[in-house]
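Quick notes on the structure that follows.
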There are 6 protein chains.
Amino acid sequence: MKTAIIRKEHFNSAHRLNNPKWSEEMNKQVFGKCNNPNFHGHNYELEVKVVGEVDLDTGFVMDVKVLKELIKINVLDRYDHKNLNLDVEDFKSVNPTAENIARVVYENLLKHLPEGLELTIRIYETERNFAEYPA
Amino acid sequence: MKTAIIRKEHFNSAHRLNNPKWSEEMNKQVFGKCNNPNFHGHNYELEVKVVGEVDLDTGFVMDVKVLKELIKINVLDRYDHKNLNLDVEDFKSVNPTAENIARVVYENLLKHLPEGLELTIRIYETERNFAEYPA
Amino acid sequence: MKTAIIRKEHFNSAHRLNNPKWSEEMNKQVFGKCNNPNFHGHNYELEVKVVGEVDLDTGFVMDVKVLKELIKINVLDRYDHKNLNLDVEDFKSVNPTAENIARVVYENLLKHLPEGLELTIRIYETERNFAEYPA
Amino acid sequence: MKTAIIRKEHFNSAHRLNNPKWSEEMNKQVFGKCNNPNFHGHNYELEVKVVGEVDLDTGFVMDVKVLKELIKINVLDRYDHKNLNLDVEDFKSVNPTAENIARVVYENLLKHLPEGLELTIRIYETERNFAEYPA
Amino acid sequence: MKTAIIRKEHFNSAHRLNNPKWSEEMNKQVFGKCNNPNFHGHNYELEVKVVGEVDLDTGFVMDVKVLKELIKINVLDRYDHKNLNLDVEDFKSVNPTAENIARVVYENLLKHLPEGLELTIRIYETERNFAEYPA
Amino acid sequence: MKTAIIRKEHFNSAHRLNNPKWSEEMNKQVFGKCNNPNFHGHNYELEVKVVGEVDLDTGFVMDVKVLKELIKINVLDRYDHKNLNLDVEDFKSVNPTAENIARVVYENLLKHLPEGLELTIRIYETERNFAEYPA
């Protein structure tokens, strides 16, 4: 049977929800106050779950120090204290909903993980709203 | 691959655990202090997890505003600041354990969800005791 | 300068807010859903803060094991899994608001504390509503 | 002796730290990544503490429903899902640090409180950075 | 469909990460500050998830009082306020990583569970580092 | 009126409570399981509260980046992943109770703070046991 490790990190960003293919009215109607053109923001909590076999010599699924560094380079350094819509390439044409952030972080991290490990991403936009990919 | 969104809500209710088919002694023995005939209570935390495909136009599995409203009408307005045993039809003949509350909330919400979405309910009776349905 | 120790405990109780000198309408108007005659309930969190000098031999303001036992006997054993209005003498003629619970717990514990120690009580009715006595 | 009640609320906003009297370099040096011209954001937690005498008829220092409404009108409706620098009059000429937000919220709420009550504001910018006014 | 109950407990222990087959240098390189020969420690949080059918008479997957007692005897009494490496037989030849603690607790508890129930263990070493077995 | 900022940090350490002037029996009787000669450990949470005037140019009581660095050098680098009794000079002749840790951290940080600022230290040994100095 396999084992999971989970590492929790956080970043603070501004964002807005908007679909450029829609009219201003349509965006306001669908996204409500999340559509504010001047942005709002969140303390995002990010849970990265890695599933695999435990190495007999280390007792690790994967060294958490290595995982932390991967998250730092591929997510935190690029998203923290940034405006997701304006400053982050990943969301130039992707609406930064919690669902989309979870999937984009998944794709960014998966390619850097050692082979044979499975990945799940959970993003907390607030303590009461969060998303998970894949589910 | 599918994505999940989770919305967390809470309600404050009185309840007692009791099986009317059993004697007073049997109930006291099985349910202990949870059988107090004058009731006790909890700050219940409710996590509603909805799994589905992300809509390409909105970036949503489902609009959280709609989900919040469904939870409000079908759970919070009916359970919050109520006595689950005395005031809530759902528990007239169902013992309000965390397990049963999770299943009953599942059944109440599932019929109002858009088709094709999967649902899981987690109920925290306290920070240290919780139940999930389906598991 | 003095030092404080704080011990956090919890209890789960049913209660309702009601002033027997008022009409039913007046009670409903003032206390709203908290006036439900069938009660509702909470996971109360209790913080007991004791301020004094640190004993040079133990490094303690007061032995936390002793403090825990005082709280258990004078508060938890009497309030936990009880109906505050019906089962607890302290609230027979006192409305169990967070403010009043804080003061009543203060009075119950103070008489059992070693002399020379100061006491403050904080009661969380929910994570978002709490009271402190004395302030 | 007096009693305190505390009500916790939250709002999600974008902000940046910046002193318009300083050069861009000076601002970057002092405020670091918090100076990002495209803003970042936070889930602000707001604790409003009100100290006074307990009313003998209600058992309340102040009705929490009234306090919630005051906070909603004077703070949440004006700050939530807003850009503090661009959308909120209060910070047109005030740098939105946690310290300044705490003082501004204090001033906004104090004038609406019943006489004789004392007020303290605590603002959590993150779980690990917070400010209190007055201290 | 099945239902899960989850019980959360905690214990405070000292530990160090070390592989006795490796040189001191190798251990220091792999385990870093977690290899400190004088130990460090954690407030471990333990989540025990039990999945099964709900009993129609009790409304329980399993009586939480029984589960608490099993955890107390088989885990807490043996690990709490102990040095995992020096005081606990289970880790005499097993490196006490979060991954290994999760698996060892799983094996200790599974043999005492009523038949037909499934078990998952989650161990929080800190709020930001945790492991789950089986995953 | 003055303003406070609070910065929360954490460290993971092993410790035991022991008074070398007492017999083994006396130590066991007073400190119970906290006297385990092989140590146990905690995830300590440290809250550093600094009170002063807000600088009109920065909006800061004190730059949190500077405060973080002071805490890192004077506390975290010296206590984290250490055995407080064996590895840390501060506790060679001081029993590492929460009360004493709070006072020692206070003394270590106060001498590095800019003049005119007041300091309070809160140490969480667990979520349910904490100490504050000065109180």
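The chains in the structure tokens are called A, B, ... from first to last as shown; in each chain the residues are counted from 1, and the ligands are counted from 1 in the order shown.
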
Hey, could you lay chain C over chain B with a least-squares C-alpha fit (all atoms, paired in order) and save it as a short mmCIF file (atom, residue, chain, number, x, y, z; two decimals) with N, CA and C atoms, in the first residue's frame?
```
data_model
loop_
_atom_site.label_atom_id
_atom_site.label_comp_id
_atom_site.auth_asym_id
_atom_site.auth_seq_id
_atom_site.Cartn_x
_atom_site.Cartn_y
_atom_site.Cartn_z
N MET C 1 -9.58 14.76 -16.18
CA MET C 1 -9.69 14.60 -14.74
C MET C 1 -10.64 15.63 -14.16
N LYS C 2 -11.33 15.25 -13.10
CA LYS C 2 -12.32 16.12 -12.49
C LYS C 2 -11.70 17.02 -11.40
N THR C 3 -12.48 18.01 -11.00
CA THR C 3 -12.06 18.97 -9.99
C THR C 3 -13.13 19.01 -8.91
N ALA C 4 -12.70 19.28 -7.67
CA ALA C 4 -13.66 19.42 -6.57
C ALA C 4 -13.67 20.86 -6.07
N ILE C 5 -14.85 21.33 -5.66
CA ILE C 5 -14.91 22.53 -4.83
C ILE C 5 -15.52 22.13 -3.50
N ILE C 6 -15.06 22.81 -2.46
CA ILE C 6 -15.58 22.53 -1.12
C ILE C 6 -16.03 23.85 -0.50
N ARG C 7 -17.22 23.85 0.05
CA ARG C 7 -17.76 25.01 0.75
C ARG C 7 -18.02 24.61 2.20
N LYS C 8 -17.52 25.41 3.13
CA LYS C 8 -17.67 25.12 4.55
C LYS C 8 -18.69 26.08 5.17
N GLU C 9 -19.68 25.55 5.87
CA GLU C 9 -20.67 26.37 6.56
C GLU C 9 -20.79 25.85 8.00
N HIS C 10 -21.57 26.55 8.82
CA HIS C 10 -21.75 26.03 10.18
C HIS C 10 -23.16 26.32 10.68
N PHE C 11 -23.54 25.53 11.69
CA PHE C 11 -24.82 25.77 12.36
C PHE C 11 -24.68 25.31 13.80
N ASN C 12 -25.50 25.92 14.67
CA ASN C 12 -25.43 25.62 16.10
C ASN C 12 -26.75 24.99 16.52
N SER C 13 -26.70 23.77 17.03
CA SER C 13 -27.94 23.06 17.35
C SER C 13 -27.82 22.31 18.67
N ALA C 14 -28.99 22.04 19.24
CA ALA C 14 -29.07 21.12 20.38
C ALA C 14 -29.40 19.73 19.83
N HIS C 15 -28.98 18.68 20.53
CA HIS C 15 -29.41 17.33 20.17
C HIS C 15 -29.21 16.39 21.36
N ARG C 16 -29.73 15.20 21.23
CA ARG C 16 -29.40 14.11 22.14
C ARG C 16 -29.40 12.83 21.32
N LEU C 17 -28.63 11.84 21.76
CA LEU C 17 -28.64 10.54 21.10
C LEU C 17 -29.57 9.63 21.90
N ASN C 18 -30.48 8.97 21.20
CA ASN C 18 -31.47 8.14 21.88
C ASN C 18 -32.11 7.19 20.87
N ASN C 19 -32.34 5.95 21.29
CA ASN C 19 -33.06 5.00 20.46
C ASN C 19 -34.38 4.66 21.18
N PRO C 20 -35.50 5.15 20.65
CA PRO C 20 -36.78 4.99 21.36
C PRO C 20 -37.20 3.53 21.52
N LYS C 21 -36.59 2.61 20.77
CA LYS C 21 -36.93 1.20 20.91
C LYS C 21 -36.24 0.57 22.12
N TRP C 22 -35.30 1.30 22.70
CA TRP C 22 -34.55 0.75 23.83
C TRP C 22 -35.06 1.31 25.15
N SER C 23 -34.73 0.59 26.25
CA SER C 23 -35.04 1.08 27.59
C SER C 23 -34.15 2.28 27.91
N GLU C 24 -34.54 3.02 28.95
CA GLU C 24 -33.73 4.15 29.41
C GLU C 24 -32.33 3.70 29.81
N GLU C 25 -32.25 2.54 30.47
CA GLU C 25 -30.94 2.03 30.94
C GLU C 25 -30.03 1.72 29.76
N MET C 26 -30.63 1.04 28.77
CA MET C 26 -29.87 0.65 27.57
C MET C 26 -29.36 1.90 26.85
N ASN C 27 -30.21 2.91 26.72
CA ASN C 27 -29.79 4.16 26.07
C ASN C 27 -28.66 4.83 26.84
N LYS C 28 -28.77 4.84 28.14
CA LYS C 28 -27.75 5.48 28.97
C LYS C 28 -26.41 4.74 28.83
N GLN C 29 -26.53 3.41 28.77
CA GLN C 29 -25.32 2.59 28.69
C GLN C 29 -24.60 2.81 27.36
N VAL C 30 -25.39 2.85 26.26
CA VAL C 30 -24.79 2.96 24.93
C VAL C 30 -24.35 4.39 24.63
N PHE C 31 -25.19 5.36 24.94
CA PHE C 31 -24.91 6.73 24.50
C PHE C 31 -24.30 7.61 25.59
N GLY C 32 -24.24 7.10 26.83
CA GLY C 32 -23.56 7.82 27.90
C GLY C 32 -24.11 9.22 28.08
N LYS C 33 -23.20 10.20 28.24
CA LYS C 33 -23.64 11.57 28.51
C LYS C 33 -24.34 12.20 27.30
N CYS C 34 -24.16 11.62 26.10
CA CYS C 34 -24.85 12.14 24.91
C CYS C 34 -26.34 11.84 24.95
N ASN C 35 -26.77 11.02 25.92
CA ASN C 35 -28.18 10.65 26.05
C ASN C 35 -28.97 11.60 26.97
N ASN C 36 -28.29 12.57 27.59
CA ASN C 36 -28.96 13.52 28.50
C ASN C 36 -30.34 13.95 27.97
N PRO C 37 -31.42 13.65 28.72
CA PRO C 37 -32.78 13.94 28.22
C PRO C 37 -33.04 15.43 28.01
N ASN C 38 -32.24 16.29 28.66
CA ASN C 38 -32.40 17.73 28.47
C ASN C 38 -31.54 18.29 27.35
N PHE C 39 -30.88 17.37 26.60
CA PHE C 39 -30.09 17.78 25.43
C PHE C 39 -28.75 18.42 25.80
N HIS C 40 -27.83 18.42 24.83
CA HIS C 40 -26.62 19.24 24.88
C HIS C 40 -26.49 19.82 23.47
N GLY C 41 -25.35 20.40 23.09
CA GLY C 41 -25.35 21.02 21.77
C GLY C 41 -23.96 21.15 21.18
N HIS C 42 -23.92 21.56 19.94
CA HIS C 42 -22.65 21.67 19.21
C HIS C 42 -22.67 22.85 18.24
N ASN C 43 -21.45 23.35 17.95
CA ASN C 43 -21.22 24.18 16.77
C ASN C 43 -20.84 23.23 15.65
N TYR C 44 -21.79 22.82 14.85
CA TYR C 44 -21.49 21.90 13.76
C TYR C 44 -20.82 22.65 12.60
N GLU C 45 -19.73 22.07 12.09
CA GLU C 45 -19.12 22.57 10.85
C GLU C 45 -19.50 21.59 9.74
N LEU C 46 -19.94 22.13 8.62
CA LEU C 46 -20.42 21.32 7.50
C LEU C 46 -19.56 21.59 6.27
N GLU C 47 -18.92 20.54 5.73
CA GLU C 47 -18.18 20.70 4.47
C GLU C 47 -18.93 19.99 3.35
N VAL C 48 -19.26 20.76 2.31
CA VAL C 48 -19.97 20.21 1.16
C VAL C 48 -19.00 20.19 -0.02
N LYS C 49 -18.68 18.98 -0.48
CA LYS C 49 -17.72 18.82 -1.58
C LYS C 49 -18.47 18.41 -2.84
N VAL C 50 -18.26 19.17 -3.92
CA VAL C 50 -18.93 18.89 -5.19
C VAL C 50 -17.86 18.64 -6.24
N VAL C 51 -17.96 17.49 -6.91
CA VAL C 51 -16.95 17.09 -7.89
C VAL C 51 -17.56 17.09 -9.28
N GLY C 52 -16.85 17.69 -10.25
CA GLY C 52 -17.34 17.69 -11.62
C GLY C 52 -16.30 18.28 -12.57
N GLU C 53 -16.74 18.55 -13.79
CA GLU C 53 -15.87 19.17 -14.79
C GLU C 53 -15.88 20.68 -14.59
N VAL C 54 -14.77 21.34 -14.89
CA VAL C 54 -14.72 22.80 -14.82
C VAL C 54 -15.28 23.39 -16.10
N ASP C 55 -16.25 24.29 -15.96
CA ASP C 55 -16.83 24.98 -17.11
C ASP C 55 -15.79 25.93 -17.70
N LEU C 56 -15.62 25.88 -19.03
CA LEU C 56 -14.53 26.65 -19.64
C LEU C 56 -14.80 28.15 -19.62
N ASP C 57 -16.05 28.55 -19.63
CA ASP C 57 -16.37 29.98 -19.64
C ASP C 57 -16.24 30.63 -18.27
N THR C 58 -16.60 29.90 -17.22
CA THR C 58 -16.57 30.49 -15.88
C THR C 58 -15.35 30.09 -15.08
N GLY C 59 -14.76 28.93 -15.39
CA GLY C 59 -13.69 28.42 -14.54
C GLY C 59 -14.23 27.80 -13.26
N PHE C 60 -15.53 27.54 -13.22
CA PHE C 60 -16.21 26.99 -12.03
C PHE C 60 -16.64 25.54 -12.26
N VAL C 61 -16.52 24.69 -11.22
CA VAL C 61 -17.25 23.42 -11.21
C VAL C 61 -18.74 23.74 -11.07
N MET C 62 -18.99 24.73 -10.22
CA MET C 62 -20.35 25.17 -9.93
C MET C 62 -20.21 26.51 -9.23
N ASP C 63 -21.11 27.42 -9.45
CA ASP C 63 -21.02 28.74 -8.83
C ASP C 63 -21.20 28.59 -7.31
N VAL C 64 -20.20 29.02 -6.54
CA VAL C 64 -20.27 28.87 -5.08
C VAL C 64 -21.45 29.65 -4.51
N LYS C 65 -21.82 30.76 -5.15
CA LYS C 65 -22.98 31.52 -4.65
C LYS C 65 -24.26 30.67 -4.72
N VAL C 66 -24.38 29.89 -5.80
CA VAL C 66 -25.54 29.00 -5.94
C VAL C 66 -25.48 27.88 -4.90
N LEU C 67 -24.28 27.32 -4.71
CA LEU C 67 -24.11 26.25 -3.73
C LEU C 67 -24.44 26.75 -2.32
N LYS C 68 -23.94 27.94 -1.99
CA LYS C 68 -24.23 28.54 -0.67
C LYS C 68 -25.74 28.67 -0.45
N GLU C 69 -26.45 29.11 -1.48
CA GLU C 69 -27.89 29.31 -1.36
C GLU C 69 -28.60 27.96 -1.15
N LEU C 70 -28.15 26.92 -1.89
CA LEU C 70 -28.72 25.58 -1.71
C LEU C 70 -28.52 25.08 -0.28
N ILE C 71 -27.32 25.31 0.25
CA ILE C 71 -27.03 24.86 1.63
C ILE C 71 -27.88 25.66 2.62
N LYS C 72 -28.00 26.96 2.37
CA LYS C 72 -28.77 27.82 3.28
C LYS C 72 -30.23 27.34 3.36
N ILE C 73 -30.84 27.13 2.19
CA ILE C 73 -32.27 26.78 2.17
C ILE C 73 -32.50 25.37 2.71
N ASN C 74 -31.65 24.42 2.31
CA ASN C 74 -31.93 23.02 2.61
C ASN C 74 -31.31 22.53 3.91
N VAL C 75 -30.35 23.27 4.45
CA VAL C 75 -29.72 22.81 5.70
C VAL C 75 -29.76 23.91 6.78
N LEU C 76 -29.10 25.03 6.54
CA LEU C 76 -28.91 26.01 7.62
C LEU C 76 -30.24 26.57 8.13
N ASP C 77 -31.11 26.99 7.22
CA ASP C 77 -32.39 27.56 7.67
C ASP C 77 -33.22 26.54 8.47
N ARG C 78 -32.96 25.28 8.25
CA ARG C 78 -33.75 24.25 8.91
C ARG C 78 -33.08 23.70 10.19
N TYR C 79 -31.74 23.80 10.30
CA TYR C 79 -31.03 23.20 11.44
C TYR C 79 -30.46 24.23 12.42
N ASP C 80 -30.13 25.43 11.93
CA ASP C 80 -29.38 26.38 12.77
C ASP C 80 -30.24 26.94 13.90
N HIS C 81 -29.67 26.94 15.11
CA HIS C 81 -30.38 27.41 16.31
C HIS C 81 -31.68 26.64 16.52
N LYS C 82 -31.62 25.35 16.17
CA LYS C 82 -32.76 24.46 16.38
C LYS C 82 -32.34 23.29 17.28
N ASN C 83 -33.34 22.61 17.77
CA ASN C 83 -33.14 21.34 18.45
C ASN C 83 -33.36 20.25 17.41
N LEU C 84 -32.29 19.53 17.05
CA LEU C 84 -32.40 18.57 15.93
C LEU C 84 -33.49 17.53 16.21
N ASN C 85 -33.58 17.06 17.47
CA ASN C 85 -34.56 16.02 17.79
C ASN C 85 -36.00 16.54 17.77
N LEU C 86 -36.21 17.75 18.28
CA LEU C 86 -37.58 18.25 18.44
C LEU C 86 -38.07 19.12 17.30
N ASP C 87 -37.15 19.88 16.67
CA ASP C 87 -37.60 20.90 15.70
C ASP C 87 -37.43 20.48 14.25
N VAL C 88 -36.66 19.42 13.98
CA VAL C 88 -36.30 19.11 12.59
C VAL C 88 -36.91 17.78 12.16
N GLU C 89 -37.81 17.87 11.19
CA GLU C 89 -38.51 16.69 10.66
C GLU C 89 -37.54 15.54 10.34
N ASP C 90 -36.38 15.88 9.75
CA ASP C 90 -35.42 14.85 9.29
C ASP C 90 -35.00 13.89 10.39
N PHE C 91 -35.06 14.35 11.65
CA PHE C 91 -34.55 13.51 12.73
C PHE C 91 -35.67 13.05 13.68
N LYS C 92 -36.90 13.11 13.19
CA LYS C 92 -38.02 12.62 13.99
C LYS C 92 -37.85 11.12 14.26
N SER C 93 -37.39 10.39 13.26
CA SER C 93 -37.20 8.95 13.49
C SER C 93 -35.77 8.50 13.14
N VAL C 94 -34.86 9.47 13.13
CA VAL C 94 -33.45 9.16 12.83
C VAL C 94 -32.61 9.74 13.97
N ASN C 95 -31.76 8.91 14.56
CA ASN C 95 -30.91 9.34 15.66
C ASN C 95 -29.86 10.33 15.13
N PRO C 96 -29.77 11.56 15.67
CA PRO C 96 -28.87 12.56 15.09
C PRO C 96 -27.40 12.37 15.47
N THR C 97 -26.83 11.21 15.13
CA THR C 97 -25.37 11.02 15.23
C THR C 97 -24.72 11.78 14.08
N ALA C 98 -23.42 12.02 14.18
CA ALA C 98 -22.71 12.69 13.08
C ALA C 98 -22.85 11.89 11.79
N GLU C 99 -22.79 10.56 11.91
CA GLU C 99 -22.93 9.70 10.73
C GLU C 99 -24.28 9.93 10.04
N ASN C 100 -25.36 9.94 10.84
CA ASN C 100 -26.69 10.11 10.25
C ASN C 100 -26.92 11.53 9.73
N ILE C 101 -26.39 12.53 10.43
CA ILE C 101 -26.53 13.91 9.92
C ILE C 101 -25.85 14.02 8.55
N ALA C 102 -24.66 13.41 8.42
CA ALA C 102 -23.95 13.49 7.14
C ALA C 102 -24.78 12.88 6.01
N ARG C 103 -25.39 11.73 6.26
CA ARG C 103 -26.19 11.07 5.22
C ARG C 103 -27.46 11.86 4.90
N VAL C 104 -28.11 12.38 5.93
CA VAL C 104 -29.35 13.13 5.71
C VAL C 104 -29.07 14.42 4.93
N VAL C 105 -27.99 15.12 5.28
CA VAL C 105 -27.63 16.33 4.53
C VAL C 105 -27.31 15.97 3.08
N TYR C 106 -26.62 14.86 2.88
CA TYR C 106 -26.31 14.39 1.52
C TYR C 106 -27.59 14.21 0.71
N GLU C 107 -28.57 13.52 1.31
CA GLU C 107 -29.82 13.26 0.58
C GLU C 107 -30.59 14.57 0.32
N ASN C 108 -30.56 15.48 1.29
CA ASN C 108 -31.26 16.76 1.12
C ASN C 108 -30.66 17.61 0.00
N LEU C 109 -29.32 17.56 -0.12
CA LEU C 109 -28.67 18.43 -1.11
C LEU C 109 -28.60 17.80 -2.50
N LEU C 110 -28.42 16.47 -2.55
CA LEU C 110 -28.16 15.84 -3.84
C LEU C 110 -29.26 16.11 -4.85
N LYS C 111 -30.52 16.09 -4.39
CA LYS C 111 -31.63 16.25 -5.34
C LYS C 111 -31.70 17.67 -5.93
N HIS C 112 -30.99 18.62 -5.32
CA HIS C 112 -31.00 19.99 -5.83
C HIS C 112 -29.76 20.33 -6.65
N LEU C 113 -28.79 19.41 -6.71
CA LEU C 113 -27.56 19.68 -7.46
C LEU C 113 -27.80 19.49 -8.95
N PRO C 114 -27.16 20.30 -9.80
CA PRO C 114 -27.19 20.04 -11.24
C PRO C 114 -26.73 18.60 -11.52
N GLU C 115 -27.27 18.01 -12.54
CA GLU C 115 -26.92 16.61 -12.88
C GLU C 115 -25.43 16.46 -13.20
N GLY C 116 -24.90 15.27 -12.92
CA GLY C 116 -23.54 14.97 -13.31
C GLY C 116 -22.51 15.36 -12.28
N LEU C 117 -22.96 15.96 -11.18
CA LEU C 117 -22.02 16.33 -10.12
C LEU C 117 -22.09 15.30 -9.00
N GLU C 118 -20.92 14.99 -8.42
CA GLU C 118 -20.87 14.07 -7.27
C GLU C 118 -20.76 14.88 -5.98
N LEU C 119 -21.29 14.32 -4.91
CA LEU C 119 -21.39 15.05 -3.65
C LEU C 119 -20.79 14.23 -2.51
N THR C 120 -20.04 14.88 -1.63
CA THR C 120 -19.61 14.27 -0.37
C THR C 120 -19.85 15.27 0.76
N ILE C 121 -20.31 14.76 1.89
CA ILE C 121 -20.62 15.62 3.05
C ILE C 121 -19.71 15.23 4.21
N ARG C 122 -19.11 16.24 4.82
CA ARG C 122 -18.37 16.01 6.06
C ARG C 122 -18.99 16.89 7.15
N ILE C 123 -19.28 16.28 8.29
CA ILE C 123 -19.86 16.99 9.44
C ILE C 123 -18.89 16.91 10.62
N TYR C 124 -18.46 18.08 11.12
CA TYR C 124 -17.66 18.12 12.34
C TYR C 124 -18.60 18.38 13.52
N GLU C 125 -18.71 17.41 14.42
CA GLU C 125 -19.49 17.62 15.64
C GLU C 125 -18.65 18.44 16.62
N THR C 126 -17.37 18.10 16.70
CA THR C 126 -16.37 18.93 17.38
C THR C 126 -15.14 18.91 16.47
N GLU C 127 -14.12 19.66 16.84
CA GLU C 127 -12.87 19.63 16.07
C GLU C 127 -12.27 18.24 16.03
N ARG C 128 -12.63 17.40 17.00
CA ARG C 128 -11.98 16.10 17.14
C ARG C 128 -12.88 14.92 16.77
N ASN C 129 -14.16 15.15 16.48
CA ASN C 129 -15.09 14.08 16.08
C ASN C 129 -15.81 14.48 14.82
N PHE C 130 -15.61 13.74 13.71
CA PHE C 130 -16.34 14.10 12.52
C PHE C 130 -16.68 12.87 11.68
N ALA C 131 -17.61 13.06 10.73
CA ALA C 131 -18.09 11.95 9.91
C ALA C 131 -18.16 12.39 8.45
N GLU C 132 -18.11 11.42 7.55
CA GLU C 132 -18.10 11.71 6.12
C GLU C 132 -19.01 10.72 5.41
N TYR C 133 -19.81 11.24 4.45
CA TYR C 133 -20.70 10.36 3.70
C TYR C 133 -20.82 10.86 2.27
N PRO C 134 -20.70 10.01 1.24
CA PRO C 134 -20.24 8.64 1.36
C PRO C 134 -18.72 8.60 1.52
N ALA C 135 -18.23 7.51 2.12
CA ALA C 135 -16.79 7.37 2.38
C ALA C 135 -16.15 6.51 1.30
#
```

Exercise. Per DSSP on the backbone, what are the strand (DSSP E or B) residues of region 58-121 of chain F, as a VMD selection string?
Worked result: chain F and resid 82 to 83 118 to 121
